[in-house]
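Trainee: Input run_29.txt, format and content: compact mmCIF, C-alpha atoms.
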```
# COMPACT_ATOMS: atom_id res chain seq x y z
CA MET W 763 121.38 120.64 78.09
CA SER W 764 121.33 119.93 74.37
CA ALA W 765 122.16 116.54 72.87
CA GLN W 766 125.45 118.02 71.65
CA ASP W 767 126.27 119.39 75.12
CA LEU W 768 125.61 115.97 76.59
CA ALA W 769 127.71 114.28 73.90
CA ASP W 770 130.55 116.72 74.62
CA ARG W 771 130.33 116.04 78.36
CA CYS W 772 130.43 112.26 77.75
CA GLU W 773 133.55 112.71 75.66
CA GLU W 774 135.15 114.77 78.46
CA ILE W 775 134.43 111.90 80.85
CA GLY W 776 136.29 109.59 78.49
CA HIS W 777 133.45 107.58 76.96
CA PRO W 778 132.13 109.33 73.85
CA ILE W 779 128.45 108.90 73.04
CA PRO W 780 127.66 110.58 69.71
CA ARG W 781 124.96 113.27 69.54
CA ASN W 782 122.86 111.20 67.10
CA VAL W 783 122.84 108.25 69.53
CA ILE W 784 121.66 110.57 72.33
CA ALA W 785 118.98 112.01 70.05
CA ASN W 786 117.81 108.49 69.17
CA MET W 787 117.59 107.60 72.87
CA GLU W 788 115.55 110.72 73.61
CA SER W 789 113.12 110.04 70.78
CA GLY W 790 112.72 106.36 71.64
CA ARG W 791 114.21 105.14 68.38
CA ARG W 792 116.96 103.43 70.33
CA ALA W 793 115.51 101.02 72.86
CA ASN W 794 118.67 99.32 74.14
CA LEU W 795 121.55 101.00 75.87
CA PRO W 796 124.73 99.40 77.19
CA LEU W 797 125.15 99.70 80.94
CA VAL W 798 128.41 101.63 80.52
CA ASP W 799 126.49 104.27 78.56
CA VAL W 800 123.94 104.56 81.38
CA LEU W 801 126.76 105.09 83.88
CA VAL W 802 128.47 107.74 81.74
CA LEU W 803 125.20 109.53 81.01
CA ALA W 804 124.37 109.62 84.71
CA GLU W 805 127.77 111.13 85.48
CA ALA W 806 127.40 113.66 82.65
CA LEU W 807 123.93 114.64 83.89
CA HIS W 808 125.04 114.82 87.54
CA THR W 809 122.51 112.22 88.66
CA TYR W 810 122.46 108.62 89.80
CA PRO W 811 122.20 105.78 87.25
CA ILE W 812 119.11 104.44 89.04
CA CYS W 813 117.33 107.73 88.26
CA LEU W 814 117.87 107.16 84.55
CA LEU W 815 116.65 103.57 84.70
CA TYR W 816 113.66 104.22 86.94
CA PRO W 817 112.81 107.95 86.93
CA VAL W 818 110.83 108.09 90.17
CA GLY W 819 108.62 111.17 90.29
CA TYR W 820 108.81 111.81 86.55
CA VAL W 821 107.24 108.65 85.13
CA ASP W 822 104.39 106.88 86.91
CA ARG W 823 104.92 103.41 85.48
CA VAL W 824 107.79 101.53 83.82
CA GLN W 825 108.52 98.05 82.59
CA ARG W 826 110.78 96.51 85.17
CA LEU W 827 111.90 93.99 82.58
CA PRO W 828 111.34 93.92 78.80
CA LEU W 829 108.08 92.46 77.50
CA GLN W 830 106.34 92.69 80.87
CA TYR W 831 103.42 94.75 82.05
CA SER W 832 104.35 98.09 83.49
CA GLU W 833 104.36 98.64 87.22
CA PRO W 834 104.79 101.67 89.47
CA THR W 835 108.24 103.20 88.96
CA TRP W 836 108.90 103.20 92.70
CA ASP W 837 108.25 99.44 92.92
CA ALA W 838 110.54 98.73 89.96
CA MET W 839 113.29 100.87 91.45
CA ARG W 840 112.97 99.12 94.84
CA TRP W 841 113.30 95.74 93.10
CA PHE W 842 116.44 96.92 91.28
CA THR W 843 118.09 98.23 94.44
CA GLY W 844 117.14 95.22 96.55
CA ASP W 845 114.79 97.21 98.77
CA SER W 846 111.76 95.06 97.96
CA GLU W 847 111.16 91.53 99.11
CA ASP W 848 109.79 90.15 95.84
CA PHE W 849 111.61 86.88 96.39
CA GLY W 850 110.56 86.58 100.04
CA MET W 851 114.11 87.07 101.28
CA GLU W 852 116.92 89.57 101.35
CA ASP W 853 120.47 88.84 100.27
CA ASP W 854 122.65 88.25 103.34
CA MET W 855 125.55 90.37 102.07
CA LEU W 856 123.21 93.23 101.16
CA ARG W 857 121.65 93.04 104.63
CA SER W 858 125.11 93.08 106.24
CA PHE W 859 126.20 96.13 104.23
CA ARG W 860 123.00 97.97 105.08
CA ALA W 861 123.55 97.19 108.76
CA HIS W 862 127.12 98.41 108.41
CA VAL W 863 125.95 101.76 107.02
CA ARG W 864 123.30 102.11 109.73
CA HIS W 865 125.72 101.33 112.58
CA GLN W 866 128.45 103.54 111.14
CA ARG W 867 126.05 106.48 110.95
CA ALA W 868 124.92 105.84 114.52
CA ALA W 869 128.52 105.70 115.76
CA LEU W 870 129.49 108.91 113.97
CA ALA W 871 126.39 110.72 115.26
CA ALA W 872 127.09 109.56 118.82
CA LEU W 873 130.73 110.67 118.54
CA LYS W 874 129.57 114.08 117.37
CA GLY W 875 127.08 114.31 120.25
CA GLU W 876 129.72 113.26 122.76
CA LYS W 877 132.14 115.89 121.45
CA HIS W 878 129.46 118.59 121.61
CA GLU W 879 128.50 117.70 125.18
CA ARG W 880 132.18 117.69 126.18
CA TRP W 881 132.46 121.21 124.79
CA LYS W 882 129.30 122.26 126.65
CA ALA W 883 130.71 120.85 129.89
CA GLU W 884 134.00 122.69 129.39
CA THR W 885 132.33 126.01 128.60
CA ALA W 886 129.31 125.90 130.90
CA PRO W 887 129.08 129.00 133.07
CA HIS W 888 127.26 127.22 135.92
CA GLN W 889 127.86 123.99 137.83
CA ALA W 890 124.37 122.65 137.09
CA GLU W 891 124.86 123.10 133.33
CA ARG W 892 128.28 121.41 133.57
CA GLU W 893 126.82 118.44 135.42
CA GLU W 894 124.00 118.11 132.90
CA ALA W 895 126.48 118.19 130.00
CA VAL W 896 128.72 115.61 131.68
CA LEU W 897 125.73 113.27 132.07
CA ALA W 898 124.75 113.79 128.44
CA GLN W 899 128.35 113.18 127.38
CA ALA W 900 128.38 109.88 129.29
CA ASP W 901 125.12 108.88 127.59
CA TYR W 902 126.63 109.61 124.18
CA ALA W 903 129.78 107.69 125.11
CA GLU W 904 127.61 104.65 125.87
CA ARG W 905 125.86 105.06 122.52
CA VAL W 906 129.27 105.20 120.81
CA LEU W 907 130.29 101.90 122.39
CA GLU W 908 127.02 100.21 121.43
CA ALA W 909 127.21 101.44 117.83
CA LYS W 910 130.86 100.44 117.52
CA TYR W 911 130.05 96.98 118.84
CA ARG W 912 127.24 96.58 116.29
CA LEU W 913 129.47 97.96 113.54
CA ARG W 914 132.20 95.47 114.42
CA SER W 915 129.63 92.65 114.33
CA ALA W 916 128.43 93.73 110.88
CA ARG W 917 132.04 93.74 109.66
CA VAL W 918 132.56 90.23 111.06
CA PHE W 919 129.44 88.96 109.25
CA ILE W 920 130.64 90.50 105.99
CA ARG W 921 134.03 88.80 106.33
CA GLU W 922 132.49 85.47 107.35
CA ASP W 923 130.39 85.55 104.18
CA GLY W 924 133.54 86.08 102.10
CA GLY W 925 133.11 89.83 101.60
CA THR W 926 135.28 92.83 102.26
CA PRO W 927 133.78 95.50 104.51
CA PRO W 928 133.93 99.13 103.38
CA ASP W 929 136.70 101.41 104.63
CA LEU W 930 136.05 103.11 107.93
CA PRO W 931 136.50 106.82 108.58
CA PRO W 932 139.54 107.61 110.76
CA GLU W 933 137.45 108.35 113.85
CA LEU W 934 136.17 104.75 113.78
CA ALA W 935 139.54 103.08 113.13
CA ASP W 936 139.42 101.37 116.54
CA VAL W 937 136.37 99.37 115.42
CA ASP W 938 138.51 97.15 113.21
CA PRO W 939 141.50 96.03 115.25
CA ASP W 940 144.39 94.17 113.68
CA VAL W 941 143.66 90.50 113.08
CA GLY W 942 144.54 88.42 116.10
CA ASN W 943 144.58 91.34 118.54
CA THR W 944 141.92 90.19 120.99
CA ASP W 945 142.77 92.81 123.62
CA GLU W 946 141.22 95.61 121.55
CA GLU W 947 138.21 93.42 120.71
CA ASN W 948 137.59 92.81 124.40
CA ASP W 949 137.86 96.52 125.17
CA LEU W 950 134.71 97.22 123.15
```
Any chance you could put this one into structure tokens?
Mentor:
Amino acid sequence: MSAQDLADRCEEIGHPIPRNVIANMESGRRANLPLVDVLVLAEALHTYPICLLYPVGYVDRVQRLPLQYSEPTWDAMRWFTGDSEDFGMEDDMLRSFRAHVRHQRAALAALKGEKHERWKAETAPHQAEREEAVLAQADYAERVLEAKYRLRSARVFIREDGGTPPDLPPELADVDPDVGNTDEENDL
């Protein structure tokens, strides 16, 4: 992609960055870049902003902050994303959101497994295969309940810390019952 192509794409996105500014960034003549430009450039280049800031795999070392010694790009990127423990602790909200993602993935995977085993039980040509699928389906159903319980707990922690949990996919809508409806909470 030429500098002009990139400038054109930025303009299409709605935030023009002139070709000469892009050329100056590429050559190193422009050292500072507003964050909004980084976001637009990442969108225009079909990549993530973090990959422009810390190009893991393309540059061995970067300055994590200006006027500091360089360090491995991977370490700098992990600091930026909160994946390192440079400060000896992890942010509580970040930890809660990561747990939310982990538990949501587990619940969705278990739901998919349960559905597949149900199908296997319904289509099994032999009794032994049906029984095996029914047992596997029950195991997945238990995993679904455990993951939903953990997901609900993560959502409670996020709210208790003053945050707003992410939206849930429709198949997990029962994880977040209406406020004050303790019957559904007790069902899980």
Trainee: Env of region 903-919 of chain W: 10 Å cut, atoms = all atoms listed in the file, seq-sep filter 3 positions within chain, self excluded. Answer as a PyMOL selection string.
Mentor: chain W and resi 854-855+857-877+897-900+922-928+934+936-939+947+949-950
Trainee: Taking into account only C-alpha atoms, which residue in the set W:Ala785, W:Cys813, W:Val798, W:Ala804 is nearest to Thr835 (chain W)?
Mentor: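 The closest residue to Thr835 (chain W) is W:Cys813.
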Trainee: Quick one: pull the distance between CA of Glu833 (chain W) and CA of Glu788 (chain W), Å, one decimal.
Mentor: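 The value is 21.4 Å.
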Trainee: Expressed in Å to a single decimal, how great is the separation between CA of Glu879 (chain W) and CA of Leu930 (chain W)?
Mentor: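 Distance reported for this atom pair: 23.8 Å.
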Trainee: If we count only C-alpha atoms and set the cut-off at 12 Å, which residues sit around Tyr816 (chain W), ignoring sequence neighbours fewer than 2 positions away in its own chain? Please answer as a ChimeraX atom specification.
Mentor: /W:800,810-814,818-827,832-843
Trainee: Provide the CA of Val896 (chain W) to CA of Ala935 (chain W) distance in Å, to one decimal place.
Mentor: 24.9 Å
Trainee: Considering only C-alpha atoms, return as a PyMOL selection string whatever protein or nucleic-acid residues lie within 12 Å of Leu795 (chain W), sequence-local ones (same chain, fewer than 4 positions apart) excluded.
Mentor: chain W and resi 779+783-784+786-788+790-791+799-803+814-815
